[in-house]
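**Q** Here it is, the structure, as C-alpha cells.
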Amino acid sequence: MKTSSPHVWQKNPKLTGCFSEIERFGGEPQVAATIRALSDMKEALARNVASTPDAFEANHHAESQAQATDKMMEHVSEQYVKQLAADLRRKSGYVQLCGVWVHRSIITFLVYGLLAALALTLFIPMIFSPKPGRFGWGISGLIVTLGIGFAIFLRARN
C-alpha cells in the first residue's frame with residue numbers, strides 16, 4: 001500500500017465495501033478526507049517505525065521497516081474505515097439488528113403494521129360481537145393499541 005496513489009486504499013478488497021458505504025452516506029468529500037487521513041496515518045506510522053527500528057525485530061526475524069508499517073497499517077486502516085462506515089450508517093438512520101443493518105423506518109413500519117393487524121383482527125370484531133362484555137374489551141383494546149402507536153410515534157419523532 002503506497003501512499004503515493006490515494007486510490008490504493010479504495011482498491012483494497014477488504015475495504016471496497018466500506019468505501020462504497022462511505023461514499024453513499026458521506027459523499028465524495030468524505031471519501032477524499034478518509035483517503036487523506038489514511039495516508040497521513042501511514043506516514044506517521046512509517047516515521048514511528050523509522051525512529052525505533054529495534055522494536056520491530058522479534059525472535060531474530062527482522063522485518064523491513066516498510067513491511068512493519070504495512071502490517072500495522074493494514075490492521076489500523078481496516079478498523080478505521082469499518083468504524084467510519086458504521087458511524088455514517090448510524091447517522092443516516094440505520095440500526096444493526098442481528099448483524100444486519102436496517103433503517104429505523106422499516107422497524108417503525110413493521111411495529112405499526114403489527115398494531116394495525118392486531119386491532120383489525122382482534123379488537124374491531126369484538127366491538128361488533130353480540131356476546132355481552134365484548135364491546136368493552138374491544139374498545140379497551142383499540143384505545144391501548146392507539147396509545148401504544150402514539151407513544152411509538154412520539155419516541156420515533158424525537
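Starting from 1 in every chain, residues are counted up; chains themselves are A, B, ... following the order of the C-alpha cells, and ligands are numbered from 1 as listed.
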Would you list, as a ChimeraX atom specification, the residues of chain A that end up in alpha helix (DSSP H) under DSSP run on this structure's backbone?

**A** /A:8-11,16-51,65-91,104-118,124-127,134-157

**Q** Give me a file of those residues, with C-alpha atoms, as a CSV table (one decimal), in the first residue's frame.

**A**
```
chain,number,residue,atom,x,y,z
A,8,VAL,CA,-4.8,2.2,-3.4
A,9,TRP,CA,-6.9,2.3,-0.3
A,10,GLN,CA,-10.1,2.0,-2.2
A,11,LYS,CA,-8.8,-0.9,-4.2
A,16,THR,CA,-14.0,-1.8,-1.0
A,17,GLY,CA,-17.5,-2.3,0.5
A,18,CYS,CA,-16.8,0.1,3.3
A,19,PHE,CA,-15.6,2.8,0.9
A,20,SER,CA,-18.8,2.4,-1.1
A,21,GLU,CA,-20.8,2.8,2.1
A,22,ILE,CA,-18.7,5.9,3.0
A,23,GLU,CA,-19.4,7.4,-0.5
A,24,ARG,CA,-23.1,6.5,-0.2
A,25,PHE,CA,-23.6,8.1,3.2
A,26,GLY,CA,-20.9,10.8,3.3
A,27,GLY,CA,-20.4,11.7,-0.4
A,28,GLU,CA,-17.2,12.2,-2.3
A,29,PRO,CA,-15.7,14.8,0.1
A,30,GLN,CA,-15.9,12.2,2.9
A,31,VAL,CA,-14.1,9.6,0.8
A,32,ALA,CA,-11.4,12.1,-0.1
A,33,ALA,CA,-11.0,13.0,3.6
A,34,THR,CA,-10.8,9.3,4.6
A,35,ILE,CA,-8.1,8.6,2.0
A,36,ARG,CA,-6.2,11.7,3.2
A,37,ALA,CA,-6.5,10.5,6.8
A,38,LEU,CA,-5.3,7.0,5.9
A,39,SER,CA,-2.3,8.4,4.0
A,40,ASP,CA,-1.4,10.7,7.0
A,41,MET,CA,-1.7,7.7,9.4
A,42,LYS,CA,0.6,5.6,7.2
A,43,GLU,CA,3.2,8.4,7.1
A,44,ALA,CA,3.0,8.8,10.9
A,45,LEU,CA,3.4,5.0,11.4
A,46,ALA,CA,6.4,5.0,9.0
A,47,ARG,CA,8.1,7.8,11.0
A,48,ASN,CA,7.4,5.9,14.2
A,49,VAL,CA,8.8,2.7,12.8
A,50,ALA,CA,11.9,4.5,11.4
A,51,SER,CA,12.5,6.1,14.8
A,65,GLN,CA,10.5,-1.0,8.1
A,66,ALA,CA,8.2,-1.0,5.1
A,67,GLN,CA,6.8,-4.4,5.9
A,68,ALA,CA,6.3,-3.5,9.6
A,69,THR,CA,4.5,-0.3,8.5
A,70,ASP,CA,2.3,-2.1,6.0
A,71,LYS,CA,1.4,-4.8,8.5
A,72,MET,CA,0.3,-2.3,11.1
A,73,MET,CA,-1.4,-0.1,8.6
A,74,GLU,CA,-3.5,-3.0,7.3
A,75,HIS,CA,-5.0,-3.5,10.7
A,76,VAL,CA,-5.4,0.2,11.5
A,77,SER,CA,-6.9,1.1,8.1
A,78,GLU,CA,-9.4,-1.7,8.2
A,79,GLN,CA,-10.6,-0.8,11.7
A,80,TYR,CA,-10.8,2.9,10.9
A,81,VAL,CA,-12.7,2.5,7.7
A,82,LYS,CA,-15.2,0.0,9.1
A,83,GLN,CA,-15.8,2.2,12.1
A,84,LEU,CA,-16.3,5.3,9.9
A,85,ALA,CA,-18.8,3.4,7.7
A,86,ALA,CA,-20.7,2.2,10.7
A,87,ASP,CA,-20.9,5.7,12.2
A,88,LEU,CA,-22.1,7.2,8.9
A,89,ARG,CA,-24.8,4.4,8.7
A,90,ARG,CA,-26.0,5.3,12.2
A,91,LYS,CA,-26.2,9.0,11.4
A,104,ARG,CA,-35.3,2.7,11.6
A,105,SER,CA,-38.3,3.5,9.4
A,106,ILE,CA,-38.7,-0.2,8.5
A,107,ILE,CA,-38.8,-1.2,12.1
A,108,THR,CA,-41.4,1.6,12.8
A,109,PHE,CA,-43.5,0.5,9.8
A,110,LEU,CA,-43.4,-3.2,11.0
A,111,VAL,CA,-44.5,-2.2,14.5
A,112,TYR,CA,-47.3,-0.1,13.2
A,113,GLY,CA,-48.3,-2.8,10.8
A,114,LEU,CA,-48.5,-5.4,13.6
A,115,LEU,CA,-50.5,-3.0,15.7
A,116,ALA,CA,-53.0,-2.4,12.9
A,117,ALA,CA,-53.2,-6.2,12.3
A,118,LEU,CA,-53.9,-6.7,16.0
A,124,ILE,CA,-62.8,-4.5,15.9
A,125,PRO,CA,-64.6,-7.9,15.7
A,126,MET,CA,-65.0,-7.7,19.5
A,127,ILE,CA,-66.8,-4.4,19.2
A,134,ARG,CA,-67.0,-8.0,24.3
A,135,PHE,CA,-67.8,-4.3,23.3
A,136,GLY,CA,-65.8,-3.1,26.4
A,137,TRP,CA,-62.9,-5.4,25.7
A,138,GLY,CA,-62.8,-4.2,22.0
A,139,ILE,CA,-62.9,-0.5,22.8
A,140,SER,CA,-60.3,-1.0,25.6
A,141,GLY,CA,-58.0,-2.9,23.2
A,142,LEU,CA,-58.4,-0.2,20.5
A,143,ILE,CA,-57.6,2.5,23.0
A,144,VAL,CA,-54.5,0.6,24.2
A,145,THR,CA,-53.4,-0.1,20.7
A,146,LEU,CA,-53.8,3.6,19.7
A,147,GLY,CA,-51.9,4.6,22.9
A,148,ILE,CA,-49.0,2.3,22.1
A,149,GLY,CA,-48.9,3.6,18.5
A,150,PHE,CA,-48.9,7.2,19.7
A,151,ALA,CA,-46.1,6.5,22.2
A,152,ILE,CA,-44.1,5.0,19.5
A,153,PHE,CA,-44.8,7.9,17.2
A,154,LEU,CA,-43.6,10.4,19.9
A,155,ARG,CA,-40.5,8.4,20.6
A,156,ALA,CA,-39.6,7.9,16.9
A,157,ARG,CA,-40.1,11.6,16.2
```

**Q** So which residues of chain A fall under strand (DSSP E) by DSSP, listed as a ChimeraX atom specification?

**A** /A:57-58,61-62,94-97,100-103
